[in-house]
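With mmCIF, C-alpha atoms inside, this is coords_20.cif:
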```
data_my_file
loop_
_atom_site.group_PDB
_atom_site.id
_atom_site.type_symbol
_atom_site.label_atom_id
_atom_site.label_comp_id
_atom_site.auth_asym_id
_atom_site.auth_seq_id
_atom_site.Cartn_x
_atom_site.Cartn_y
_atom_site.Cartn_z
ATOM 1 C CA MET R 170 -14.337 -8.949 -8.385
ATOM 2 C CA THR R 171 -11.599 -10.668 -10.309
ATOM 3 C CA ASP R 172 -11.470 -14.423 -10.240
ATOM 4 C CA GLU R 173 -8.375 -15.414 -8.288
ATOM 5 C CA GLY R 174 -8.702 -19.056 -9.240
ATOM 6 C CA GLY R 175 -9.241 -20.218 -5.667
ATOM 7 C CA THR R 176 -5.668 -19.390 -4.630
ATOM 8 C CA VAL R 177 -5.343 -18.596 -0.956
ATOM 9 C CA LYS R 178 -2.153 -16.851 0.046
ATOM 10 C CA LYS R 179 -0.946 -15.667 3.411
ATOM 11 C CA PHE R 180 -0.968 -11.862 3.428
ATOM 12 C CA MET R 181 0.535 -9.901 6.293
ATOM 13 C CA PHE R 182 0.105 -6.151 6.631
ATOM 14 C CA VAL R 183 2.911 -4.690 8.700
ATOM 15 C CA ASN R 184 2.064 -1.421 10.416
ATOM 16 C CA ARG R 185 5.142 0.478 11.567
ATOM 17 C CA ARG R 186 3.906 4.060 11.747
ATOM 18 C CA ALA R 187 1.894 6.099 14.238
ATOM 19 C CA PRO R 188 -1.752 6.640 13.230
ATOM 20 C CA TYR R 189 -1.389 10.373 12.593
ATOM 21 C CA GLY R 190 1.555 12.365 11.307
ATOM 22 C CA THR R 191 1.586 10.413 8.054
ATOM 23 C CA ILE R 192 -1.183 8.686 6.109
ATOM 24 C CA TYR R 193 0.478 5.248 6.014
ATOM 25 C CA ALA R 194 -1.544 3.666 8.840
ATOM 26 C CA LEU R 195 -4.881 4.844 7.455
ATOM 27 C CA GLU R 196 -4.138 3.789 3.886
ATOM 28 C CA SER R 197 -2.816 0.460 5.172
ATOM 29 C CA LEU R 198 -6.149 -0.129 6.872
ATOM 30 C CA GLU R 199 -7.923 0.640 3.587
ATOM 31 C CA VAL R 200 -5.966 -2.156 1.854
ATOM 32 C CA VAL R 201 -6.725 -4.525 4.728
ATOM 33 C CA LEU R 202 -10.466 -3.919 4.365
ATOM 34 C CA ILE R 203 -10.339 -4.549 0.600
ATOM 35 C CA SER R 204 -8.265 -7.713 1.071
ATOM 36 C CA ALA R 205 -11.092 -9.173 3.162
ATOM 37 C CA ALA R 206 -13.178 -9.446 -0.016
ATOM 38 C CA PHE R 207 -10.597 -11.762 -1.616
ATOM 39 C CA ASP R 208 -10.885 -14.670 0.854
ATOM 40 C CA GLN R 209 -7.182 -14.667 1.640
ATOM 41 C CA ASP R 210 -5.412 -15.626 4.873
ATOM 42 C CA VAL R 211 -4.885 -12.122 6.257
ATOM 43 C CA SER R 212 -2.974 -11.068 9.350
ATOM 44 C CA LEU R 213 -1.836 -7.721 10.721
ATOM 45 C CA ALA R 214 1.376 -6.924 12.546
ATOM 46 C CA PHE R 215 1.967 -3.818 14.629
ATOM 47 C CA LEU R 216 5.486 -2.820 15.535
ATOM 48 C CA ASP R 217 7.618 0.245 16.226
ATOM 49 C CA ASP R 218 5.324 3.325 16.356
ATOM 50 C CA GLY R 219 2.656 1.175 14.669
ATOM 51 C CA VAL R 220 1.615 -0.025 18.132
ATOM 52 C CA TYR R 221 0.099 3.429 18.672
ATOM 53 C CA ASP R 222 -2.472 2.602 15.959
ATOM 54 C CA LEU R 223 -4.239 0.294 18.418
ATOM 55 C CA ILE R 224 -4.188 2.483 21.516
ATOM 56 C CA LYS R 225 -7.499 3.074 23.316
ATOM 57 C CA GLY R 226 -9.019 6.495 23.760
ATOM 58 C CA GLN R 227 -7.592 8.290 20.738
ATOM 59 C CA ASN R 228 -8.898 11.835 20.445
ATOM 60 C CA THR R 229 -7.963 13.723 17.295
ATOM 61 C CA LYS R 230 -10.214 16.739 17.729
ATOM 62 C CA ALA R 231 -7.360 19.188 18.201
ATOM 63 C CA ILE R 232 -5.562 18.144 15.003
ATOM 64 C CA GLU R 233 -8.769 18.144 12.933
ATOM 65 C CA ILE R 234 -7.995 14.728 11.453
ATOM 66 C CA LYS R 235 -10.513 11.882 11.545
ATOM 67 C CA ASN R 236 -9.979 9.346 14.308
ATOM 68 C CA PHE R 237 -10.067 6.084 12.366
ATOM 69 C CA SER R 238 -9.115 3.816 15.258
ATOM 70 C CA PRO R 239 -12.702 2.462 15.724
ATOM 71 C CA THR R 240 -12.280 0.768 12.322
ATOM 72 C CA TYR R 241 -9.772 -1.660 13.866
ATOM 73 C CA ARG R 242 -12.607 -2.922 16.052
ATOM 74 C CA ALA R 243 -14.662 -3.649 12.923
ATOM 75 C CA LEU R 244 -12.028 -6.000 11.470
ATOM 76 C CA GLU R 245 -13.531 -8.944 13.337
ATOM 77 C CA GLY R 246 -16.683 -8.488 11.265
ATOM 78 C CA TYR R 247 -14.569 -8.970 8.150
ATOM 79 C CA ASP R 248 -13.130 -12.222 9.563
ATOM 80 C CA ILE R 249 -9.762 -10.562 10.099
ATOM 81 C CA GLU R 250 -8.833 -11.783 13.539
ATOM 82 C CA LYS R 251 -5.093 -12.369 13.427
ATOM 83 C CA LEU R 252 -3.562 -9.279 14.959
ATOM 84 C CA TYR R 253 -0.026 -9.434 16.321
ATOM 85 C CA VAL R 254 1.626 -6.710 18.372
ATOM 86 C CA ALA R 255 5.351 -6.544 19.089
ATOM 87 C CA LYS R 256 5.937 -6.858 22.819
ATOM 88 C CA ASP R 257 9.136 -4.850 22.922
ATOM 89 C CA SER R 258 7.636 -2.045 20.825
ATOM 90 C CA LEU R 259 4.859 -1.754 23.443
ATOM 91 C CA GLU R 260 7.309 -1.856 26.357
ATOM 92 C CA GLU R 261 9.681 0.680 24.816
ATOM 93 C CA ARG R 262 6.740 3.090 24.743
ATOM 94 C CA GLY R 263 5.513 2.346 28.276
ATOM 95 C CA LEU R 264 2.443 0.539 26.947
ATOM 96 C CA SER R 265 0.917 -2.858 27.615
ATOM 97 C CA GLU R 266 -1.767 -5.170 26.274
ATOM 98 C CA ASP R 267 -4.318 -3.368 28.498
ATOM 99 C CA ASP R 268 -3.875 -0.204 26.436
ATOM 100 C CA LEU R 269 -5.048 -1.870 23.213
ATOM 101 C CA LEU R 270 -8.531 -1.282 21.790
ATOM 102 C CA VAL R 271 -8.813 -4.732 20.195
ATOM 103 C CA ASP R 272 -7.905 -8.287 21.099
ATOM 104 C CA ALA R 273 -4.423 -8.869 19.773
ATOM 105 C CA GLN R 274 -1.695 -11.363 20.423
ATOM 106 C CA VAL R 275 1.401 -9.802 21.966
ATOM 107 C CA VAL R 276 4.449 -11.557 20.541
ATOM 108 C CA SER R 277 8.202 -11.467 20.989
ATOM 109 C CA ARG R 278 10.553 -10.260 18.289
ATOM 110 C CA ALA R 279 11.481 -13.879 17.449
ATOM 111 C CA GLU R 280 7.823 -14.915 17.197
ATOM 112 C CA MET R 281 7.140 -11.936 14.922
ATOM 113 C CA ALA R 282 10.049 -12.977 12.700
ATOM 114 C CA ASP R 283 8.634 -16.530 12.509
ATOM 115 C CA LEU R 284 5.204 -15.202 11.540
ATOM 116 C CA MET R 285 6.722 -13.046 8.816
ATOM 117 C CA ALA R 286 8.716 -15.980 7.476
ATOM 118 C CA GLN R 287 5.476 -17.930 7.004
ATOM 119 C CA GLN R 288 3.873 -15.314 4.716
ATOM 120 C CA ASP R 289 3.493 -15.339 0.943
ATOM 121 C CA VAL R 290 2.931 -11.598 0.676
ATOM 122 C CA LEU R 291 4.240 -9.011 3.149
ATOM 123 C CA LEU R 292 3.094 -5.442 2.740
ATOM 124 C CA SER R 293 4.892 -2.990 4.964
ATOM 125 C CA PHE R 294 3.408 0.417 5.755
ATOM 126 C CA MET X 197 8.824 -15.418 -12.986
ATOM 127 C CA LYS X 198 5.868 -13.048 -12.663
ATOM 128 C CA PHE X 199 6.563 -9.933 -10.591
ATOM 129 C CA GLY X 200 4.168 -7.472 -9.033
ATOM 130 C CA ILE X 201 5.622 -4.080 -8.122
ATOM 131 C CA MET X 202 4.253 -1.585 -5.613
ATOM 132 C CA VAL X 203 5.443 2.038 -5.506
ATOM 133 C CA ASN X 204 4.577 3.913 -2.323
ATOM 134 C CA GLU X 205 6.397 7.233 -2.666
ATOM 135 C CA GLY X 206 6.121 10.180 -5.010
ATOM 136 C CA PRO X 207 8.626 11.138 -7.714
ATOM 137 C CA TYR X 208 11.732 13.274 -6.991
ATOM 138 C CA GLN X 209 11.012 13.615 -3.254
ATOM 139 C CA HIS X 210 11.996 9.982 -2.785
ATOM 140 C CA GLN X 211 14.078 7.448 -4.702
ATOM 141 C CA ALA X 212 11.492 4.636 -4.437
ATOM 142 C CA SER X 213 9.996 5.299 -7.873
ATOM 143 C CA ASP X 214 13.454 5.481 -9.522
ATOM 144 C CA THR X 215 14.527 2.216 -7.919
ATOM 145 C CA ALA X 216 11.247 0.523 -8.834
ATOM 146 C CA TYR X 217 11.717 1.665 -12.432
ATOM 147 C CA GLN X 218 15.284 0.304 -12.558
ATOM 148 C CA PHE X 219 14.036 -2.925 -11.002
ATOM 149 C CA ALA X 220 11.248 -3.200 -13.595
ATOM 150 C CA LYS X 221 13.748 -2.721 -16.412
ATOM 151 C CA ALA X 222 16.027 -5.402 -14.921
ATOM 152 C CA VAL X 223 13.076 -7.799 -14.558
ATOM 153 C CA LEU X 224 12.251 -7.424 -18.253
ATOM 154 C CA ALA X 225 15.913 -7.636 -19.310
ATOM 155 C CA LYS X 226 16.182 -11.002 -17.554
ATOM 156 C CA GLY X 227 13.159 -12.295 -19.460
ATOM 157 C CA HIS X 228 10.719 -12.217 -16.548
ATOM 158 C CA GLN X 229 7.222 -10.748 -16.661
ATOM 159 C CA ILE X 230 5.656 -7.838 -14.811
ATOM 160 C CA TYR X 231 2.095 -8.632 -13.830
ATOM 161 C CA ARG X 232 1.328 -5.103 -12.676
ATOM 162 C CA VAL X 233 2.842 -1.974 -11.162
ATOM 163 C CA PHE X 234 0.602 -0.525 -8.452
ATOM 164 C CA PHE X 235 1.015 3.053 -7.223
ATOM 165 C CA TYR X 236 -0.183 3.825 -3.713
ATOM 166 C CA HIS X 237 0.169 6.543 -1.044
ATOM 167 C CA ASP X 238 2.115 9.476 -2.576
ATOM 168 C CA GLY X 239 3.205 7.000 -5.255
ATOM 169 C CA VAL X 240 0.076 8.044 -7.169
ATOM 170 C CA ASN X 241 1.906 11.304 -7.970
ATOM 171 C CA ASN X 242 4.046 9.283 -10.394
ATOM 172 C CA GLY X 243 0.969 9.279 -12.625
ATOM 173 C CA THR X 244 0.541 13.000 -13.319
ATOM 174 C CA ARG X 245 1.385 14.199 -16.808
ATOM 175 C CA LEU X 246 1.734 17.801 -15.575
ATOM 176 C CA THR X 247 5.209 17.535 -14.048
ATOM 177 C CA VAL X 248 7.883 19.731 -15.635
ATOM 178 C CA PRO X 249 11.281 18.608 -14.308
ATOM 179 C CA PRO X 250 14.454 20.498 -15.311
ATOM 180 C CA GLN X 251 15.716 19.474 -18.748
ATOM 181 C CA ASP X 252 18.991 18.059 -17.459
ATOM 182 C CA ASP X 253 17.161 15.712 -15.064
ATOM 183 C CA ARG X 254 15.376 12.412 -15.686
ATOM 184 C CA ASN X 255 11.629 12.553 -16.331
ATOM 185 C CA VAL X 256 10.276 10.014 -13.868
ATOM 186 C CA ILE X 257 6.716 10.124 -15.188
ATOM 187 C CA ASN X 258 7.554 9.880 -18.904
ATOM 188 C CA ARG X 259 9.926 7.036 -18.159
ATOM 189 C CA TRP X 260 7.103 4.980 -16.621
ATOM 190 C CA SER X 261 4.754 5.880 -19.482
ATOM 191 C CA ASP X 262 7.301 4.853 -22.118
ATOM 192 C CA LEU X 263 8.156 1.605 -20.343
ATOM 193 C CA ALA X 264 4.479 0.704 -20.024
ATOM 194 C CA ILE X 265 3.558 1.504 -23.602
ATOM 195 C CA LYS X 266 6.611 -0.182 -25.098
ATOM 196 C CA ASN X 267 6.272 -3.367 -23.040
ATOM 197 C CA ASN X 268 2.517 -3.421 -22.497
ATOM 198 C CA ILE X 269 2.805 -3.163 -18.711
ATOM 199 C CA ASP X 270 -0.215 -2.500 -16.533
ATOM 200 C CA LEU X 271 0.382 0.676 -14.472
ATOM 201 C CA VAL X 272 -2.407 1.122 -11.929
ATOM 202 C CA VAL X 273 -2.938 4.171 -9.742
ATOM 203 C CA CYS X 274 -5.085 3.606 -6.645
ATOM 204 C CA VAL X 275 -8.331 5.517 -7.063
ATOM 205 C CA ALA X 276 -8.835 6.437 -3.394
ATOM 206 C CA ALA X 277 -5.248 7.600 -2.939
ATOM 207 C CA ALA X 278 -5.407 9.453 -6.271
ATOM 208 C CA GLN X 279 -8.625 11.304 -5.492
ATOM 209 C CA ARG X 280 -7.163 12.625 -2.232
ATOM 210 C CA ARG X 281 -4.097 13.905 -4.066
ATOM 211 C CA GLY X 282 -5.722 15.319 -7.196
ATOM 212 C CA ILE X 283 -4.786 12.684 -9.753
ATOM 213 C CA LEU X 284 -7.733 12.283 -12.124
ATOM 214 C CA ASP X 285 -8.395 10.728 -15.502
ATOM 215 C CA GLU X 286 -11.013 12.134 -17.818
ATOM 216 C CA SER X 287 -13.950 10.153 -16.485
ATOM 217 C CA GLU X 288 -12.995 10.721 -12.833
ATOM 218 C CA ALA X 289 -12.716 14.468 -13.502
ATOM 219 C CA LYS X 290 -16.124 14.485 -15.099
ATOM 220 C CA ARG X 291 -17.680 12.473 -12.305
ATOM 221 C CA HIS X 292 -16.366 14.828 -9.632
ATOM 222 C CA GLY X 293 -17.100 18.031 -11.547
ATOM 223 C CA LYS X 294 -13.462 19.017 -12.048
ATOM 224 C CA ASN X 295 -12.437 21.022 -15.098
ATOM 225 C CA ALA X 296 -9.132 19.240 -15.679
ATOM 226 C CA ASP X 297 -7.593 15.805 -15.673
ATOM 227 C CA ASN X 298 -3.933 14.881 -15.429
ATOM 228 C CA LEU X 299 -3.371 11.134 -15.700
ATOM 229 C CA ALA X 300 -0.263 10.359 -17.754
ATOM 230 C CA PRO X 301 -0.370 8.011 -20.779
ATOM 231 C CA GLY X 302 0.057 4.327 -20.000
ATOM 232 C CA PHE X 303 -1.471 4.663 -16.512
ATOM 233 C CA ARG X 304 -4.979 3.718 -15.464
ATOM 234 C CA ILE X 305 -6.945 4.418 -12.296
ATOM 235 C CA SER X 306 -8.479 1.497 -10.443
ATOM 236 C CA GLY X 307 -9.180 0.103 -6.995
ATOM 237 C CA LEU X 308 -7.108 -1.464 -4.242
ATOM 238 C CA GLY X 309 -8.420 -4.856 -5.297
ATOM 239 C CA GLN X 310 -5.884 -4.629 -8.120
ATOM 240 C CA LEU X 311 -3.091 -4.599 -5.537
ATOM 241 C CA VAL X 312 -4.450 -7.611 -3.658
ATOM 242 C CA GLU X 313 -4.969 -9.408 -6.957
ATOM 243 C CA ALA X 314 -1.350 -8.677 -7.933
ATOM 244 C CA GLY X 315 -0.286 -10.218 -4.607
ATOM 245 C CA ILE X 316 -2.270 -13.334 -5.431
ATOM 246 C CA GLN X 317 -1.320 -13.676 -9.096
ATOM 247 C CA ALA X 318 2.341 -12.665 -9.060
ATOM 248 C CA ASP X 319 5.074 -15.011 -7.850
ATOM 249 C CA ARG X 320 6.648 -12.083 -5.991
ATOM 250 C CA LEU X 321 5.217 -8.739 -4.953
ATOM 251 C CA VAL X 322 8.057 -6.278 -4.424
ATOM 252 C CA VAL X 323 7.362 -3.091 -2.459
ATOM 253 C CA PHE X 324 9.305 0.148 -2.973
ATOM 254 C CA GLY X 325 9.028 2.806 -0.292
ATOM 255 C CA ASP X 326 10.173 3.632 3.215
#
```

Take the structure from the file and write it as structure tokens.
Amino acid sequence: MTDEGGTVKKFMFVNRRAPYGTIYALESLEVVLISAAFDQDVSLAFLDDGVYDLIKGQNTKAIEIKNFSPTYRALEGYDIEKLYVAKDSLEERGLSEDDLLVDAQVVSRAEMADLMAQQDVLLSF
Amino acid sequence: MKFGIMVNEGPYQHQASDTAYQFAKAVLAKGHQIYRVFFYHDGVNNGTRLTVPPQDDRNVINRWSDLAIKNNIDLVVCVAAAQRRGILDESEAKRHGKNADNLAPGFRISGLGQLVEAGIQADRLVVFGD
């Protein structure tokens, strides 16, 4: 690993896409897992169709694509525990906190904007 | 200022790579530095030397290669994203038993840690994509 000189930055990974259909959500998760090795202050945001990434009971058998949603449950083991989900994105899709497969904080649009404003690095997928 | 640049879309299909290239040129023209350009998702397709665009069009790949070689800029293609999409350098091709490689000059293949490191080391990490 490269020496990062002890710098700790606030990284936020913004997930805006559904888990299947495009590869963005999966490849976003791959960056998140790598970032855990760099001892940074990492958080994840889920908004727009990105809220579907965290929905319970995903079954991808019919589309013959790997269901990677269990990996979100493993994030805790990497000390990545700050997950934020946009409340209105859930509601627009008829979803609620009970539909999520991990513990996440459901936040308003204004709270999400505040969180984003606090970051050093925002990566949007 | 030190800039990191991330390119998330492939050439020609999407303008992200063109805009990132213009941005990189502007950064250098203003006397700033580019810490690294990282290619991810379909952005890895910017690193194939086998593209043959029409002669009256820009050559997106050669442009990146020339910029990198002339200005000593680090162009990194994500290894995991590249393997999925068939972008290989000589050693990767050998390792996976493929009879060809296609990485363009001035690019190198490395891991996602290089992206996170760019986020840490650069003053700004600028993302180009949808």

Requested in this report: Give the answer as one residue: which of R:Leu291, R:Ala273, R:Ile232, R:Leu264 has the shortest atom-to-atom distance to R:Leu244, using only C-alpha atoms?
Outcome: R:Ala273

Query raised in the report: What gap, in Å, lies between atom CA of X:Thr215 and atom CA of X:Leu321?
Result: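 Interatomic distance, atom CA of X:Thr215 to atom CA of X:Leu321: 14.7 Å.
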
Counting all atoms listed in the file, what are the residues of chain X within 7 Å of chain R, and for each of them which pair of atoms is the nearest and at what distance in Å, to one decimal? Sort the table by chain and rising number, as a tab-separated table.
```
residue	atom	partner	partner_atom	distance
X:Leu308	CA	R:Val200	CA	6.2
X:Gly309	CA	R:Ile203	CA	6.2
X:Val312	CA	R:Ser204	CA	6.1
X:Gly315	CA	R:Val290	CA	6.3
X:Ile316	CA	R:Lys178	CA	6.5
X:Leu321	CA	R:Val290	CA	6.7
```

Query - Residue contacts of X:His237 (7 Å, all atoms listed in the file) excluding same-chain residues fewer than 5 positions away, as a VMD selection string - result: chain X and resid 204 to 205 277

Requested in this report: Check the smallest atom-to-atom distance from each of R:Ala194, R:Asp217, R:Arg278, R:Val254 to R:Ser238 using only C-alpha atoms, then report the winner.
Outcome: R:Ala194

Requested in this report: Please evaluate the PyMOL selection byres ((chain X and resi 234) around 9) against the displayed coordinates and give the resulting residues as a PyMOL selection string.
Outcome: chain X and resi 200-204+232-233+235-236+239-240+270-274+308+310-311+314

Query raised in the report: Near stretch 292-307 of chain X, within 7 Å and counting all atoms listed in the file, which residues show up once chain neighbours fewer than 3 positions away are dropped, as JSON, numbers by chain?
Result: {"X": [243, 244, 245, 246, 261, 264, 265, 271, 272, 273, 274, 275, 283, 284, 285, 286, 288, 289, 310]}

File dump, residues just selected, C-alpha atoms, as a PDB file, in the frame of the given file:
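result24.pdb, freshly written:
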```pdb
ATOM      1  CA  GLY X 243       0.969   9.279 -12.625  1.00  0.00           C
ATOM      2  CA  THR X 244       0.541  13.000 -13.319  1.00  0.00           C
ATOM      3  CA  ARG X 245       1.385  14.199 -16.808  1.00  0.00           C
ATOM      4  CA  LEU X 246       1.734  17.801 -15.575  1.00  0.00           C
ATOM      5  CA  SER X 261       4.754   5.880 -19.482  1.00  0.00           C
ATOM      6  CA  ALA X 264       4.479   0.704 -20.024  1.00  0.00           C
ATOM      7  CA  ILE X 265       3.558   1.504 -23.602  1.00  0.00           C
ATOM      8  CA  LEU X 271       0.382   0.676 -14.472  1.00  0.00           C
ATOM      9  CA  VAL X 272      -2.407   1.122 -11.929  1.00  0.00           C
ATOM     10  CA  VAL X 273      -2.938   4.171  -9.742  1.00  0.00           C
ATOM     11  CA  CYS X 274      -5.085   3.606  -6.645  1.00  0.00           C
ATOM     12  CA  VAL X 275      -8.331   5.517  -7.063  1.00  0.00           C
ATOM     13  CA  ILE X 283      -4.786  12.684  -9.753  1.00  0.00           C
ATOM     14  CA  LEU X 284      -7.733  12.283 -12.124  1.00  0.00           C
ATOM     15  CA  ASP X 285      -8.395  10.728 -15.502  1.00  0.00           C
ATOM     16  CA  GLU X 286     -11.013  12.134 -17.818  1.00  0.00           C
ATOM     17  CA  GLU X 288     -12.995  10.721 -12.833  1.00  0.00           C
ATOM     18  CA  ALA X 289     -12.716  14.468 -13.502  1.00  0.00           C
ATOM     19  CA  GLN X 310      -5.884  -4.629  -8.120  1.00  0.00           C
TER      20      GLN X 310
END
```

Query - Residues matched by the PyMOL selection byres ((chain R and resi 268) around 6) as a VMD selection string - result: chain R and resid 224 to 225 265 to 267 269

Query raised in the report: What does the distance from atom CA of X:Phe324 to atom CA of X:Ser213 come to in Å, to one decimal?
Result: 7.1 Å

Report task. Rounded to one decimal place, report the atom CA of R:Ser212-atom CA of R:Met181 distance in Å. Result ->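 We find that atom CA of R:Ser212 and atom CA of R:Met181 lie 4.8 Å from each other.
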
Report task. Rank R:Ala279, R:Tyr189, R:Leu198, R:Leu216 by their smallest atom-to-atom distance to R:Glu261, using only C-alpha atoms, and report the top residue only. Result ->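 Nearest to R:Glu261: R:Leu216.
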
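Minimum atom-to-atom distances from X:Gln317, X:Asp262, X:Asn268, X:Phe219 to X:Lys198 were compared using only C-alpha atoms, and the lowest value belongs to X:Gln317.
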
Report task. Name every residue that the PyMOL selection byres ((chain R and resi 185) around 10) selects in this structure, writing the answer as a list in words with chains first and numbers rising. Result ->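 That selection, the PyMOL selection byres ((chain R and resi 185) around 10), comes back as Phe182, Val183, Asn184, Arg186, Ala187, Pro188, Tyr193, Ala194, Ala214, Phe215, Leu216, Asp217, Asp218, Gly219, Val220, Tyr221, Asp222, Ser258, Ser293 and Phe294 of chain R.
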
Requested in this report: Name the residues in contact with X:Gln209 at a cut-off of 12 Å, using all atoms listed in the file, excluding same-chain residues fewer than 6 positions from it; report them as a list in words.
Outcome: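 What passes the distance filter is Asp238, Gly239, Asn241, Asn242, Val256, Gly325 and Asp326 of chain X.
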
Requested in this report: Counting only C-alpha atoms, figure out which residue out of X:Val322, X:Met197, X:Leu263, X:Ala278 gets nearest to X:Lys226.
Outcome: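 Comparing X:Val322, X:Met197, X:Leu263, X:Ala278 against X:Lys226, the winner is X:Met197.
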
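For R:Val275, the list of residues within 6 Å, based on all atoms listed in the file and with local chain neighbours fewer than 3 positions off taken out, reads Tyr253, Val254, Ala255 and Lys256 of chain R.
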
Please fill the gaps in stretch 253-270 of chain X so it has N, CA and C atoms, and write that as a PDB file, in the frame of the given file.
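Output file part_8.pdb follows:
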```
ATOM      1  N   ASP X 253      17.492  16.764 -16.034  1.00  0.00           N
ATOM      2  CA  ASP X 253      17.161  15.712 -15.064  1.00  0.00           C
ATOM      3  C   ASP X 253      16.298  14.657 -15.760  1.00  0.00           C
ATOM      4  N   ARG X 254      16.238  13.475 -15.168  1.00  0.00           N
ATOM      5  CA  ARG X 254      15.376  12.412 -15.686  1.00  0.00           C
ATOM      6  C   ARG X 254      13.909  12.834 -15.569  1.00  0.00           C
ATOM      7  N   ASN X 255      13.071  12.317 -16.467  1.00  0.00           N
ATOM      8  CA  ASN X 255      11.629  12.553 -16.331  1.00  0.00           C
ATOM      9  C   ASN X 255      10.981  11.265 -15.834  1.00  0.00           C
ATOM     10  N   VAL X 256      10.742  11.233 -14.535  1.00  0.00           N
ATOM     11  CA  VAL X 256      10.276  10.014 -13.868  1.00  0.00           C
ATOM     12  C   VAL X 256       8.946   9.539 -14.456  1.00  0.00           C
ATOM     13  N   ILE X 257       8.065  10.483 -14.711  1.00  0.00           N
ATOM     14  CA  ILE X 257       6.716  10.124 -15.188  1.00  0.00           C
ATOM     15  C   ILE X 257       6.780   9.586 -16.620  1.00  0.00           C
ATOM     16  N   ASN X 258       7.453  10.324 -17.497  1.00  0.00           N
ATOM     17  CA  ASN X 258       7.554   9.880 -18.904  1.00  0.00           C
ATOM     18  C   ASN X 258       8.237   8.528 -19.024  1.00  0.00           C
ATOM     19  N   ARG X 259       9.209   8.306 -18.140  1.00  0.00           N
ATOM     20  CA  ARG X 259       9.926   7.036 -18.159  1.00  0.00           C
ATOM     21  C   ARG X 259       8.973   5.868 -17.912  1.00  0.00           C
ATOM     22  N   TRP X 260       8.100   6.026 -16.899  1.00  0.00           N
ATOM     23  CA  TRP X 260       7.103   4.980 -16.621  1.00  0.00           C
ATOM     24  C   TRP X 260       6.165   4.817 -17.811  1.00  0.00           C
ATOM     25  N   SER X 261       5.683   5.946 -18.343  1.00  0.00           N
ATOM     26  CA  SER X 261       4.754   5.880 -19.482  1.00  0.00           C
ATOM     27  C   SER X 261       5.386   5.126 -20.644  1.00  0.00           C
ATOM     28  N   ASP X 262       6.620   5.485 -20.982  1.00  0.00           N
ATOM     29  CA  ASP X 262       7.301   4.853 -22.118  1.00  0.00           C
ATOM     30  C   ASP X 262       7.498   3.355 -21.881  1.00  0.00           C
ATOM     31  N   LEU X 263       7.928   3.021 -20.674  1.00  0.00           N
ATOM     32  CA  LEU X 263       8.156   1.605 -20.343  1.00  0.00           C
ATOM     33  C   LEU X 263       6.866   0.801 -20.487  1.00  0.00           C
ATOM     34  N   ALA X 264       5.768   1.398 -20.005  1.00  0.00           N
ATOM     35  CA  ALA X 264       4.479   0.704 -20.024  1.00  0.00           C
ATOM     36  C   ALA X 264       3.980   0.507 -21.445  1.00  0.00           C
ATOM     37  N   ILE X 265       4.093   1.562 -22.243  1.00  0.00           N
ATOM     38  CA  ILE X 265       3.558   1.504 -23.602  1.00  0.00           C
ATOM     39  C   ILE X 265       4.402   0.559 -24.458  1.00  0.00           C
ATOM     40  N   LYS X 266       5.708   0.651 -24.297  1.00  0.00           N
ATOM     41  CA  LYS X 266       6.611  -0.182 -25.098  1.00  0.00           C
ATOM     42  C   LYS X 266       6.470  -1.668 -24.751  1.00  0.00           C
ATOM     43  N   ASN X 267       6.270  -1.968 -23.490  1.00  0.00           N
ATOM     44  CA  ASN X 267       6.272  -3.367 -23.040  1.00  0.00           C
ATOM     45  C   ASN X 267       4.898  -3.874 -22.619  1.00  0.00           C
ATOM     46  N   ASN X 268       3.890  -3.046 -22.843  1.00  0.00           N
ATOM     47  CA  ASN X 268       2.517  -3.421 -22.497  1.00  0.00           C
ATOM     48  C   ASN X 268       2.392  -3.797 -21.010  1.00  0.00           C
ATOM     49  N   ILE X 269       2.862  -2.915 -20.155  1.00  0.00           N
ATOM     50  CA  ILE X 269       2.805  -3.163 -18.711  1.00  0.00           C
ATOM     51  C   ILE X 269       1.622  -2.401 -18.113  1.00  0.00           C
ATOM     52  N   ASP X 270       0.960  -3.063 -17.181  1.00  0.00           N
ATOM     53  CA  ASP X 270      -0.215  -2.500 -16.533  1.00  0.00           C
ATOM     54  C   ASP X 270       0.217  -1.587 -15.377  1.00  0.00           C
TER      55      ASP X 270
END
```
